[in-house]
Structures are given as C-alpha cells and as structure tokens.
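Below is my_file.cif, holding mmCIF, C-alpha atoms and all ligand atoms.
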data_upload
loop_
_atom_site.label_atom_id
_atom_site.label_comp_id
_atom_site.auth_asym_id
_atom_site.auth_seq_id
_atom_site.Cartn_x
_atom_site.Cartn_y
_atom_site.Cartn_z
CA MET K 1 33.62 64.84 5.39
CA CYS K 2 37.41 65.21 5.81
CA ASP K 3 39.21 68.35 6.89
CA THR K 4 41.74 69.00 4.14
CA GLY K 5 43.95 71.09 6.46
CA ASN K 6 43.46 74.29 4.47
CA GLY K 7 40.07 75.22 5.87
CA SER K 8 38.08 73.54 3.11
CA VAL K 9 36.36 70.20 3.46
CA ALA K 10 36.32 67.16 1.16
CA LEU K 11 32.83 65.96 0.33
CA PRO K 12 32.14 62.28 -0.34
CA ARG K 13 32.45 61.57 -4.04
CA ILE K 14 30.72 59.38 -6.60
CA GLY K 15 32.64 56.14 -7.13
CA GLU K 16 34.15 56.13 -3.64
CA LYS K 17 33.35 53.91 -0.64
CA ALA K 18 30.57 55.35 1.51
CA PRO K 19 32.19 56.68 4.71
CA ALA K 20 31.71 54.11 7.48
CA PHE K 21 30.09 54.83 10.85
CA LYS K 22 28.22 53.19 13.71
CA ALA K 23 25.07 54.93 14.94
CA VAL K 24 22.01 54.66 17.15
CA THR K 25 18.72 54.70 15.23
CA THR K 26 15.02 54.33 15.89
CA GLN K 27 15.44 50.67 14.84
CA GLY K 28 18.52 49.94 16.98
CA GLU K 29 22.24 50.29 16.28
CA ILE K 30 23.59 50.13 12.75
CA ASN K 31 27.04 49.63 11.31
CA PHE K 32 27.00 51.52 8.02
CA PRO K 33 27.42 50.57 5.22
CA ALA K 34 28.51 47.05 6.27
CA ASP K 35 25.02 46.09 7.52
CA TYR K 36 23.64 46.90 4.06
CA SER K 37 26.06 44.80 2.02
CA GLY K 38 24.13 43.12 -0.80
CA SER K 39 21.41 45.80 -0.84
CA TRP K 40 21.23 49.24 -2.37
CA VAL K 41 20.65 51.87 0.28
CA ILE K 42 19.57 55.49 0.23
CA LEU K 43 21.11 57.44 3.11
CA PHE K 44 19.32 60.77 3.42
CA SER K 45 19.27 63.65 5.87
CA HIS K 46 16.55 66.08 6.90
CA PRO K 47 16.99 69.39 8.74
CA ALA K 48 14.85 68.83 11.82
CA ASP K 49 12.11 66.73 13.39
CA PHE K 50 8.72 68.39 13.91
CA THR K 51 9.02 70.60 10.84
CA PRO K 52 6.50 70.66 7.98
CA VAL K 53 8.58 70.01 4.86
CA CYS K 54 10.38 67.11 6.60
CA THR K 55 7.05 65.68 7.75
CA SER K 56 5.69 65.73 4.19
CA GLU K 57 8.90 64.03 3.01
CA PHE K 58 8.85 61.30 5.66
CA MET K 59 5.21 60.49 4.98
CA THR K 60 5.96 60.22 1.26
CA PHE K 61 9.12 58.14 1.66
CA ALA K 62 7.55 55.80 4.23
CA THR K 63 4.58 55.24 1.91
CA MET K 64 7.01 54.26 -0.88
CA GLU K 65 9.24 52.03 1.26
CA ASP K 66 7.86 48.75 -0.15
CA LYS K 67 8.39 50.02 -3.71
CA PHE K 68 12.06 50.73 -2.95
CA ALA K 69 12.35 47.34 -1.19
CA GLN K 70 11.17 45.62 -4.39
CA ALA K 71 14.15 47.24 -6.10
CA ASN K 72 16.42 45.85 -3.35
CA CYS K 73 16.86 49.34 -1.92
CA LYS K 74 16.68 50.16 1.81
CA LEU K 75 16.19 53.59 3.33
CA VAL K 76 18.10 55.20 6.21
CA GLY K 77 17.31 58.69 7.48
CA LEU K 78 19.38 61.06 9.62
CA SER K 79 19.06 64.36 11.39
CA VAL K 80 21.03 66.04 14.13
CA ASP K 81 18.11 65.57 16.54
CA GLY K 82 18.20 63.04 19.39
CA LEU K 83 16.56 59.63 19.54
CA TYR K 84 13.64 60.67 21.77
CA SER K 85 12.77 63.54 19.47
CA HIS K 86 12.82 61.12 16.52
CA ILE K 87 10.56 58.66 18.34
CA ALA K 88 8.10 61.37 19.41
CA TRP K 89 7.98 62.90 15.91
CA LEU K 90 7.43 59.57 14.14
CA ARG K 91 4.69 58.72 16.65
CA THR K 92 3.00 62.08 15.99
CA ILE K 93 3.14 61.44 12.25
CA LYS K 94 1.50 58.04 12.68
CA GLU K 95 -1.14 59.10 15.18
CA LYS K 96 -2.07 62.61 14.10
CA ILE K 97 -1.07 63.63 10.59
CA GLU K 98 -3.26 63.12 7.57
CA TYR K 99 -1.72 64.66 4.47
CA ARG K 100 -2.54 64.25 0.77
CA GLY K 101 -4.41 61.00 1.30
CA MET K 102 -1.67 59.53 3.52
CA LYS K 103 -2.63 58.69 7.10
CA ASN K 104 -1.61 56.30 9.85
CA VAL K 105 1.84 56.31 8.23
CA GLU K 106 4.39 54.20 10.04
CA VAL K 107 8.07 54.96 9.39
CA ARG K 108 9.70 51.53 9.59
CA PHE K 109 13.13 52.44 8.24
CA PRO K 110 15.87 53.52 10.69
CA LEU K 111 16.29 57.18 11.54
CA ILE K 112 19.77 57.98 12.86
CA GLU K 113 20.30 60.27 15.85
CA ASP K 114 23.33 62.44 15.20
CA ILE K 115 23.44 65.04 17.93
CA THR K 116 27.25 65.29 17.67
CA MET K 117 26.91 65.87 13.88
CA GLU K 118 29.69 63.34 13.38
CA VAL K 119 27.93 61.45 10.60
CA ALA K 120 26.41 64.58 9.06
CA ARG K 121 29.85 66.15 8.80
CA LYS K 122 31.36 63.01 7.23
CA TYR K 123 28.76 63.17 4.49
CA GLY K 124 28.90 66.93 3.90
CA MET K 125 25.35 67.31 5.17
CA ILE K 126 26.21 70.40 7.24
CA GLN K 127 26.55 73.27 4.80
CA PRO K 128 27.01 76.44 6.86
CA GLY K 129 25.95 78.78 4.04
CA GLU K 130 22.52 77.17 4.44
CA SER K 131 22.62 76.26 8.16
CA SER K 132 25.37 75.41 10.61
CA THR K 133 22.95 73.78 13.07
CA LYS K 134 20.85 71.63 10.72
CA ALA K 135 21.62 69.14 7.97
CA VAL K 136 20.59 70.05 4.44
CA ARG K 137 18.41 67.59 2.53
CA ALA K 138 21.17 65.27 1.27
CA VAL K 139 20.55 62.01 -0.58
CA PHE K 140 23.24 59.35 -1.16
CA PHE K 141 22.60 56.36 -3.42
CA ILE K 142 24.90 53.55 -2.30
CA ASP K 143 25.20 50.26 -4.18
CA THR K 144 25.38 46.65 -2.99
CA LYS K 145 29.15 46.96 -2.53
CA GLY K 146 28.98 50.14 -0.45
CA ILE K 147 30.03 52.49 -3.28
CA ILE K 148 28.44 55.95 -3.62
CA ARG K 149 26.78 55.97 -7.05
CA ALA K 150 24.89 59.27 -7.01
CA MET K 151 24.13 62.09 -4.62
CA ILE K 152 21.84 65.09 -4.47
CA TYR K 153 21.71 68.02 -2.06
CA TYR K 154 18.59 70.14 -1.62
CA PRO K 155 18.23 73.28 0.52
CA LEU K 156 16.10 73.47 3.65
CA SER K 157 13.18 75.13 1.91
CA LEU K 158 12.62 72.56 -0.85
CA GLY K 159 11.10 69.10 -0.37
CA ARG K 160 12.54 66.32 -2.52
CA ASN K 161 10.83 64.62 -5.46
CA PHE K 162 10.60 60.99 -4.37
CA ASP K 163 9.58 59.73 -7.80
CA GLU K 164 12.92 61.09 -9.00
CA LEU K 165 14.77 59.26 -6.21
CA TYR K 166 13.04 56.03 -7.29
CA ARG K 167 13.86 56.75 -10.95
CA ILE K 168 17.53 57.15 -10.01
CA VAL K 169 17.62 53.76 -8.23
CA ILE K 170 16.02 52.00 -11.22
CA ALA K 171 18.24 53.86 -13.70
CA LEU K 172 21.49 53.05 -11.88
CA GLN K 173 20.52 49.38 -11.65
CA THR K 174 19.51 49.35 -15.33
CA ALA K 175 22.87 50.85 -16.33
CA ASP K 176 24.64 48.10 -14.38
CA ALA K 177 22.46 45.19 -15.51
CA PHE K 178 22.37 46.01 -19.23
CA GLY K 179 25.68 47.86 -19.76
CA VAL K 180 23.92 50.95 -21.10
CA ALA K 181 23.63 54.66 -20.26
CA LEU K 182 20.34 56.49 -19.82
CA PRO K 183 19.39 59.68 -21.66
CA ALA K 184 17.70 62.78 -20.29
CA ASP K 185 14.45 62.10 -18.44
CA TRP K 186 14.76 58.34 -19.07
CA ARG K 187 12.10 56.06 -17.67
CA PRO K 188 11.80 52.26 -18.06
CA GLY K 189 10.57 51.52 -21.59
CA ASP K 190 12.35 54.51 -23.17
CA GLU K 191 15.30 53.95 -25.50
CA VAL K 192 18.72 53.57 -23.85
CA ILE K 193 22.14 54.70 -24.99
CA VAL K 194 24.69 52.15 -26.23
CA PRO K 195 27.48 51.63 -25.48
CA PRO K 196 27.97 53.36 -22.14
CA ALA K 197 29.70 56.72 -22.12
CA GLY K 198 33.46 56.49 -22.60
CA SER K 199 33.56 54.07 -25.55
CA CYS K 200 31.59 55.94 -28.22
CA GLY K 201 33.73 54.71 -31.11
CA VAL K 202 32.57 51.17 -30.66
CA ALA K 203 28.95 52.16 -31.25
CA LYS K 204 29.36 52.84 -34.96
CA GLU K 205 31.09 49.47 -35.55
CA ARG K 206 28.38 47.66 -33.68
CA MET K 207 25.72 49.60 -35.55
CA GLU K 208 26.23 47.68 -38.79
CA GLY K 209 23.75 44.86 -39.03
CA GLN K 210 21.99 45.64 -35.75
CA SER K 211 18.48 46.64 -36.59
CA ASP K 212 17.49 47.43 -33.02
CA MET K 213 20.00 50.28 -32.88
CA LYS K 214 19.31 53.82 -33.96
CA CYS K 215 22.18 56.30 -34.43
CA TYR K 216 21.60 60.04 -34.35
CA ASP K 217 25.28 60.51 -35.22
CA TRP K 218 28.48 58.47 -34.80
CA PHE K 219 28.71 59.33 -31.10
CA PHE K 220 25.03 58.97 -30.19
CA CYS K 221 23.37 55.57 -30.62
CA THR K 222 20.37 54.12 -28.83
CA LYS K 223 18.38 50.91 -28.74
CA GLN K 224 15.00 49.94 -27.41
CA LEU K 225 14.95 48.22 -24.01
CA ASP K 226 11.51 46.98 -23.04
CA LYS K 227 9.98 48.11 -19.80
CA ASP K 228 9.08 44.51 -18.90
CA LYS K 229 12.67 43.43 -19.44
CA VAL K 230 14.01 46.25 -17.25
CA LEU K 231 11.53 45.79 -14.42
CA GLY K 232 11.57 41.99 -14.71
CA THR K 233 15.34 42.05 -14.19
CA ILE K 234 15.46 44.60 -11.40
CA LEU K 235 12.36 44.16 -9.30
CA LYS K 236 11.94 41.24 -6.89
CA LYS K 237 9.11 38.91 -7.85
C1 LIG J 301 10.82 72.04 7.18
O1 LIG J 301 11.05 70.83 7.09
O2 LIG J 301 9.71 72.50 7.06
C2 LIG J 301 11.97 72.96 7.43
C3 LIG J 301 13.03 72.54 8.22
C4 LIG J 301 14.07 73.41 8.47
C5 LIG J 301 14.04 74.68 7.93
C6 LIG J 301 12.99 75.08 7.12
C7 LIG J 301 11.94 74.21 6.86
#
For this file, produce the structure as structure tokens.
Amino acid sequence: MCDTGNGSVALPRIGEKAPAFKAVTTQGEINFPADYSGSWVILFSHPADFTPVCTSEFMTFATMEDKFAQANCKLVGLSVDGLYSHIAWLRTIKEKIEYRGMKNVEVRFPLIEDITMEVARKYGMIQPGESSTKAVRAVFFIDTKGIIRAMIYYPLSLGRNFDELYRIVIALQTADAFGVALPADWRPGDEVIVPPAGSCGVAKERMEGQSDMKCYDWFFCTKQLDKDKVLGTILKK
C-alpha cells in the first residue's frame, strides 16, 4: 500500500502487478510474486493465530489445497504474528483440533510472518476502521504473470467461503482460456457470455448462423460451454 502524501493510501488494484516483497514463512523464505511465476497464487491474510474463525478457515483451506493445486493455484497465508506463533498454532491445529469432520490437518502452504506489518500495509490488509493491530481477511488472486486479477476483503468477524474462492480461480482461468465472460453465480457447465465485456457490438454479427449462441438482446449473448471442456482444459490430469 503506497502513501499518497495526502494522508490517504493507495490500495493494490486489479490489473496491476502484485506488490513485490521478500518474507520469512513457515516453509522458508519466499520472494513474492517471482517465486510463483507460472502458477496462479492466492495471497490471503488472517487477523491472528490461535483464534477460532481463523482456525476454521485454515483447516478448510488446507483440506482444499490439492484441489487448488490441480487448478495450478498455490496458497500463501499471512498474519502480523511471528514465525514461532505460526508454527505453534499450526501444530496445535494438526495435533488437537477436530472440526466438521476435519482432523489431523496439516497446513503445508507457507504462512508469512509479518510482525513489522510491511507486507500487510503494501496490500491494504491493515484497515484501521476494523483493526489497526490485525490484518483483515484479504484475498488476492494473482495470475501466472504476477498480475492481480481479483481481490476480496472480509471483516474480522466473518469467515470466508472457500468454495467461492475456488469458483473465482476456475472462472478467471475459464475467461482467459475461452475468451468469454461469466454471468452471475456461474459454475462450470453453465452458459457463458460471448464476447467478453467491452465488445458487445460484435456479438450480434457473430450471432447469425451460430446455433450454439443464444441472445437475450443485442448486448447480451451466451453460449453453452461444457463442464468437461472447462475442467479438462483447466485442471491438471
Ligand atoms: C477469529 O479468527 O476468530 C477472530 C480473529 C480476530 C478477531 C475476531 C475473531
């Protein structure tokens, strides 16, 4: 996050390079986002180790790690706690917590220690209206070239929906791979919007003679895109 000189701060923005940093994590040092070139990565923050909502989130995310990996997406966590707190918390989760059918959960993705808040500030994760000593629940979706493609911020009191985070990864990759846009609540197998937003006029021309397209009006055309085709393209075999 940059100080603009007038007291306000500039948050990272969609379409821009993810701010770079080096950090110590539970899996060793990382150079972000350079170390993740060629992969999608979700960089996310949580308010504090040894807290209940965060524990439920880490157990859920860790359980889904292989699913994200199949979509070429790695996970990186961050809080303003220190490394030894992170290690002790993750060990407690693995050894002691059984929650909603999840137990013996090992968090294998890196968790950044950010006691100086340097990284958290760069990414607008410290939002003083919510807390000036803890990061909010931020989520950054960063593509294979290190570009921020989507972001979400949740308050301290609300745990994230990890199915939605997965849906976002699949949707962004589908938009890229097939040159389409995705309508409200889209899931693989649902109809997709053609052409992508910004060139609506072309849709009507293309419509003629294309039986797989359906137009609700001149500016709103869709086509079917099979679930198998989407997942076969995106997911690793
Ligand atoms: C939690 O994860 O439970 C939590 C963390 C910080 C503030 C409130 C709740």
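The smallest atom-to-atom distance between Gln127 (chain K) and any of K:Phe50, K:Tyr153, K:Phe162, K:Phe44, using all atoms listed in the file, is found for K:Tyr153.
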For a test of reading the model, state the distance in Å between CA of Asp81 (chain K) and CA of Glu29 (chain K), rounded to one decimal. 15.8 Å
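Counting all atoms listed in the file, the residue from K:Trp218, K:Trp40, K:Tyr154, K:Tyr166 that sits nearest to ligand LIG 301 (chain J) is K:Tyr154.
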What are the closest atom pairs, with distances in Å to one decimal, for each residue of chain K lying within 9 Å of ligand LIG 301 (chain J), using all atoms listed in the file, rows by chain and rising residue number, as JSON lines?
{"residue": "K:His46", "atom": "CA", "partner": "J:LIG301", "partner_atom": "O1", "distance": 7.3}
{"residue": "K:Pro47", "atom": "CA", "partner": "J:LIG301", "partner_atom": "C4", "distance": 5.0}
{"residue": "K:Ala48", "atom": "CA", "partner": "J:LIG301", "partner_atom": "C3", "distance": 5.5}
{"residue": "K:Asp49", "atom": "CA", "partner": "J:LIG301", "partner_atom": "O1", "distance": 7.6}
{"residue": "K:Phe50", "atom": "CA", "partner": "J:LIG301", "partner_atom": "O1", "distance": 7.6}
{"residue": "K:Thr51", "atom": "CA", "partner": "J:LIG301", "partner_atom": "O1", "distance": 4.3}
{"residue": "K:Pro52", "atom": "CA", "partner": "J:LIG301", "partner_atom": "O2", "distance": 3.8}
{"residue": "K:Val53", "atom": "CA", "partner": "J:LIG301", "partner_atom": "O1", "distance": 3.4}
{"residue": "K:Cys54", "atom": "CA", "partner": "J:LIG301", "partner_atom": "O1", "distance": 3.8}
{"residue": "K:Thr55", "atom": "CA", "partner": "J:LIG301", "partner_atom": "O1", "distance": 6.6}
{"residue": "K:Ser56", "atom": "CA", "partner": "J:LIG301", "partner_atom": "O1", "distance": 7.9}
{"residue": "K:Glu57", "atom": "CA", "partner": "J:LIG301", "partner_atom": "O1", "distance": 8.2}
{"residue": "K:Ser131", "atom": "CA", "partner": "J:LIG301", "partner_atom": "C5", "distance": 8.7}
{"residue": "K:Lys134", "atom": "CA", "partner": "J:LIG301", "partner_atom": "C4", "distance": 7.4}
{"residue": "K:Ala135", "atom": "CA", "partner": "J:LIG301", "partner_atom": "C4", "distance": 8.7}
{"residue": "K:Val136", "atom": "CA", "partner": "J:LIG301", "partner_atom": "C4", "distance": 8.4}
{"residue": "K:Pro155", "atom": "CA", "partner": "J:LIG301", "partner_atom": "C6", "distance": 8.6}
{"residue": "K:Leu156", "atom": "CA", "partner": "J:LIG301", "partner_atom": "C5", "distance": 4.9}
{"residue": "K:Ser157", "atom": "CA", "partner": "J:LIG301", "partner_atom": "C7", "distance": 5.2}
{"residue": "K:Leu158", "atom": "CA", "partner": "J:LIG301", "partner_atom": "C7", "distance": 7.9}
{"residue": "K:Gly159", "atom": "CA", "partner": "J:LIG301", "partner_atom": "O1", "distance": 7.7}
Have a look at CA of Ile147 (chain K) and CA of Ile14 (chain K) and let me know their distance in Å, one decimal. 7.7 Å
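Each of K:Leu235, K:Val192, K:Met59, K:Leu43 was compared to Gly101 (chain K) using all atoms listed in the file, and K:Met59 turns out to be the nearest.
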Could you list as JSON, numbers by chain every residue that has an atom within 12 Å of (27.9, 49.1, -6.2), using the file's coordinates and counting only C-alpha atoms? {"K": [14, 15, 16, 17, 18, 33, 36, 37, 38, 39, 40, 41, 73, 141, 142, 143, 144, 145, 146, 147, 148, 149, 150, 169, 172, 173, 175, 176, 177]}
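Atom pair CA of Ile93 (chain K) / CA of Phe109 (chain K): separated by 14.0 Å.
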Go through K:Asp35, K:Glu118, K:Glu95, K:Glu106 and flag the residue nearest Ser79 (chain K), using all atoms listed in the file for the distances. K:Glu118
Shell of 10 Å around Ala181 (chain K), all atoms listed in the file, local chain residues under 5 positions omitted, as a short mmCIF file (atom, residue, chain, number, x, y, z; two decimals) with C-alpha atoms, in the coordinates of the input:
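Final file, part_8.cif:
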data_model
loop_
_atom_site.label_atom_id
_atom_site.label_comp_id
_atom_site.auth_asym_id
_atom_site.auth_seq_id
_atom_site.Cartn_x
_atom_site.Cartn_y
_atom_site.Cartn_z
CA ALA K 171 18.24 53.86 -13.70
CA LEU K 172 21.49 53.05 -11.88
CA THR K 174 19.51 49.35 -15.33
CA ALA K 175 22.87 50.85 -16.33
CA ASP K 176 24.64 48.10 -14.38
CA TRP K 186 14.76 58.34 -19.07
CA GLU K 191 15.30 53.95 -25.50
CA VAL K 192 18.72 53.57 -23.85
CA ILE K 193 22.14 54.70 -24.99
CA VAL K 194 24.69 52.15 -26.23
CA PRO K 195 27.48 51.63 -25.48
CA PRO K 196 27.97 53.36 -22.14
CA ALA K 197 29.70 56.72 -22.12
CA THR K 222 20.37 54.12 -28.83
#
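With only C-alpha atoms as the basis for measurement, K:Arg121 is the residue among K:Arg108, K:Arg121, K:Lys103, K:Lys22 that approaches Ala10 (chain K) most closely.
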For a quick check of understanding, using all atoms listed in the file, which of K:Tyr123, K:Phe178, K:Phe219, K:Phe140 has the smallest distance to Ile234 (chain K)? K:Phe178
As a PyMOL selection string, please: the residues near Arg187 (chain K) (cut-off 9 Å, all atoms listed in the file, same-chain neighbours under 6 positions excluded). chain K and resi 167+170-171+227
Could region 99-110 of chain K be completed with all heavy atoms and returned as a PDB file, in the coordinates of the input?
ATOM      1  N   TYR K  99      -2.230  63.706   5.461  1.00  0.00           N
ATOM      2  CA  TYR K  99      -1.720  64.660   4.470  1.00  0.00           C
ATOM      3  C   TYR K  99      -1.771  64.032   3.080  1.00  0.00           C
ATOM      4  O   TYR K  99      -1.253  62.936   2.868  1.00  0.00           O
ATOM      5  CB  TYR K  99      -0.265  65.034   4.852  1.00  0.00           C
ATOM      6  CG  TYR K  99       0.462  65.848   3.820  1.00  0.00           C
ATOM      7  CD1 TYR K  99       0.103  67.171   3.573  1.00  0.00           C
ATOM      8  CD2 TYR K  99       1.512  65.295   3.087  1.00  0.00           C
ATOM      9  CE1 TYR K  99       0.771  67.920   2.614  1.00  0.00           C
ATOM     10  CE2 TYR K  99       2.193  66.035   2.134  1.00  0.00           C
ATOM     11  CZ  TYR K  99       1.807  67.346   1.898  1.00  0.00           C
ATOM     12  OH  TYR K  99       2.471  68.076   0.947  1.00  0.00           O
ATOM     13  N   ARG K 100      -2.424  64.688   2.173  1.00  0.00           N
ATOM     14  CA  ARG K 100      -2.540  64.250   0.770  1.00  0.00           C
ATOM     15  C   ARG K 100      -2.920  62.770   0.643  1.00  0.00           C
ATOM     16  O   ARG K 100      -2.255  62.007  -0.057  1.00  0.00           O
ATOM     17  CB  ARG K 100      -1.246  64.533   0.012  1.00  0.00           C
ATOM     18  CG  ARG K 100      -0.971  66.027  -0.091  1.00  0.00           C
ATOM     19  CD  ARG K 100       0.276  66.339  -0.828  1.00  0.00           C
ATOM     20  NE  ARG K 100       0.128  66.116  -2.263  1.00  0.00           N
ATOM     21  CZ  ARG K 100       1.089  66.338  -3.157  1.00  0.00           C
ATOM     22  NH1 ARG K 100       2.271  66.786  -2.778  1.00  0.00           N
ATOM     23  NH2 ARG K 100       0.881  66.124  -4.424  1.00  0.00           N
ATOM     24  N   GLY K 101      -3.915  62.380   1.391  1.00  0.00           N
ATOM     25  CA  GLY K 101      -4.410  61.000   1.300  1.00  0.00           C
ATOM     26  C   GLY K 101      -3.598  59.997   2.112  1.00  0.00           C
ATOM     27  O   GLY K 101      -3.958  58.823   2.194  1.00  0.00           O
ATOM     28  N   MET K 102      -2.496  60.452   2.712  1.00  0.00           N
ATOM     29  CA  MET K 102      -1.670  59.530   3.520  1.00  0.00           C
ATOM     30  C   MET K 102      -2.071  59.717   4.985  1.00  0.00           C
ATOM     31  O   MET K 102      -2.133  60.853   5.481  1.00  0.00           O
ATOM     32  CB  MET K 102      -0.182  59.847   3.368  1.00  0.00           C
ATOM     33  CG  MET K 102       0.332  59.647   1.951  1.00  0.00           C
ATOM     34  SD  MET K 102       2.076  60.086   1.779  1.00  0.00           S
ATOM     35  CE  MET K 102       2.025  61.856   1.672  1.00  0.00           C
ATOM     36  N   LYS K 103      -2.355  58.612   5.661  1.00  0.00           N
ATOM     37  CA  LYS K 103      -2.630  58.690   7.100  1.00  0.00           C
ATOM     38  C   LYS K 103      -2.199  57.399   7.769  1.00  0.00           C
ATOM     39  O   LYS K 103      -2.006  56.382   7.110  1.00  0.00           O
ATOM     40  CB  LYS K 103      -4.101  59.009   7.364  1.00  0.00           C
ATOM     41  CG  LYS K 103      -5.089  57.963   6.952  1.00  0.00           C
ATOM     42  CD  LYS K 103      -6.483  58.417   7.410  1.00  0.00           C
ATOM     43  CE  LYS K 103      -7.493  57.350   7.060  1.00  0.00           C
ATOM     44  NZ  LYS K 103      -8.844  57.682   7.407  1.00  0.00           N
ATOM     45  N   ASN K 104      -2.053  57.466   9.096  1.00  0.00           N
ATOM     46  CA  ASN K 104      -1.610  56.300   9.850  1.00  0.00           C
ATOM     47  C   ASN K 104      -0.278  55.767   9.297  1.00  0.00           C
ATOM     48  O   ASN K 104      -0.068  54.566   9.187  1.00  0.00           O
ATOM     49  CB  ASN K 104      -2.693  55.213   9.781  1.00  0.00           C
ATOM     50  CG  ASN K 104      -2.535  54.189  10.868  1.00  0.00           C
ATOM     51  OD1 ASN K 104      -1.976  54.494  11.926  1.00  0.00           O
ATOM     52  ND2 ASN K 104      -2.987  52.974  10.618  1.00  0.00           N
ATOM     53  N   VAL K 105       0.594  56.689   8.907  1.00  0.00           N
ATOM     54  CA  VAL K 105       1.840  56.310   8.230  1.00  0.00           C
ATOM     55  C   VAL K 105       2.901  55.908   9.260  1.00  0.00           C
ATOM     56  O   VAL K 105       3.266  56.702  10.139  1.00  0.00           O
ATOM     57  CB  VAL K 105       2.374  57.465   7.359  1.00  0.00           C
ATOM     58  CG1 VAL K 105       3.747  57.133   6.795  1.00  0.00           C
ATOM     59  CG2 VAL K 105       1.400  57.759   6.235  1.00  0.00           C
ATOM     60  N   GLU K 106       3.369  54.695   9.118  1.00  0.00           N
ATOM     61  CA  GLU K 106       4.390  54.200  10.040  1.00  0.00           C
ATOM     62  C   GLU K 106       5.751  54.239   9.340  1.00  0.00           C
ATOM     63  O   GLU K 106       5.906  53.680   8.254  1.00  0.00           O
ATOM     64  CB  GLU K 106       4.066  52.763  10.432  1.00  0.00           C
ATOM     65  CG  GLU K 106       4.982  52.259  11.501  1.00  0.00           C
ATOM     66  CD  GLU K 106       4.373  51.096  12.279  1.00  0.00           C
ATOM     67  OE1 GLU K 106       3.227  50.704  11.979  1.00  0.00           O
ATOM     68  OE2 GLU K 106       5.054  50.607  13.166  1.00  0.00           O
ATOM     69  N   VAL K 107       6.709  54.912   9.961  1.00  0.00           N
ATOM     70  CA  VAL K 107       8.070  54.960   9.390  1.00  0.00           C
ATOM     71  C   VAL K 107       8.829  53.766   9.962  1.00  0.00           C
ATOM     72  O   VAL K 107       9.164  53.736  11.145  1.00  0.00           O
ATOM     73  CB  VAL K 107       8.756  56.303   9.748  1.00  0.00           C
ATOM     74  CG1 VAL K 107      10.211  56.305   9.278  1.00  0.00           C
ATOM     75  CG2 VAL K 107       7.979  57.467   9.137  1.00  0.00           C
ATOM     76  N   ARG K 108       9.078  52.773   9.123  1.00  0.00           N
ATOM     77  CA  ARG K 108       9.700  51.530   9.590  1.00  0.00           C
ATOM     78  C   ARG K 108      11.199  51.505   9.335  1.00  0.00           C
ATOM     79  O   ARG K 108      11.904  50.671   9.853  1.00  0.00           O
ATOM     80  CB  ARG K 108       9.023  50.327   8.911  1.00  0.00           C
ATOM     81  CG  ARG K 108       7.619  50.062   9.459  1.00  0.00           C
ATOM     82  CD  ARG K 108       6.908  49.020   8.646  1.00  0.00           C
ATOM     83  NE  ARG K 108       6.573  49.547   7.325  1.00  0.00           N
ATOM     84  CZ  ARG K 108       6.515  48.827   6.209  1.00  0.00           C
ATOM     85  NH1 ARG K 108       6.764  47.557   6.235  1.00  0.00           N
ATOM     86  NH2 ARG K 108       6.200  49.393   5.071  1.00  0.00           N
ATOM     87  N   PHE K 109      11.685  52.436   8.500  1.00  0.00           N
ATOM     88  CA  PHE K 109      13.130  52.440   8.240  1.00  0.00           C
ATOM     89  C   PHE K 109      13.859  53.185   9.360  1.00  0.00           C
ATOM     90  O   PHE K 109      13.256  54.010  10.053  1.00  0.00           O
ATOM     91  CB  PHE K 109      13.432  53.025   6.848  1.00  0.00           C
ATOM     92  CG  PHE K 109      12.898  54.412   6.614  1.00  0.00           C
ATOM     93  CD1 PHE K 109      13.540  55.528   7.125  1.00  0.00           C
ATOM     94  CD2 PHE K 109      11.742  54.612   5.871  1.00  0.00           C
ATOM     95  CE1 PHE K 109      13.059  56.807   6.902  1.00  0.00           C
ATOM     96  CE2 PHE K 109      11.244  55.891   5.641  1.00  0.00           C
ATOM     97  CZ  PHE K 109      11.904  56.977   6.159  1.00  0.00           C
ATOM     98  N   PRO K 110      15.147  52.886   9.572  1.00  0.00           N
ATOM     99  CA  PRO K 110      15.870  53.520  10.690  1.00  0.00           C
ATOM    100  C   PRO K 110      16.102  55.017  10.471  1.00  0.00           C
ATOM    101  O   PRO K 110      16.380  55.446   9.357  1.00  0.00           O
ATOM    102  CB  PRO K 110      17.218  52.778  10.719  1.00  0.00           C
ATOM    103  CG  PRO K 110      17.230  51.821   9.599  1.00  0.00           C
ATOM    104  CD  PRO K 110      15.945  51.913   8.833  1.00  0.00           C
TER     105      PRO K 110
END
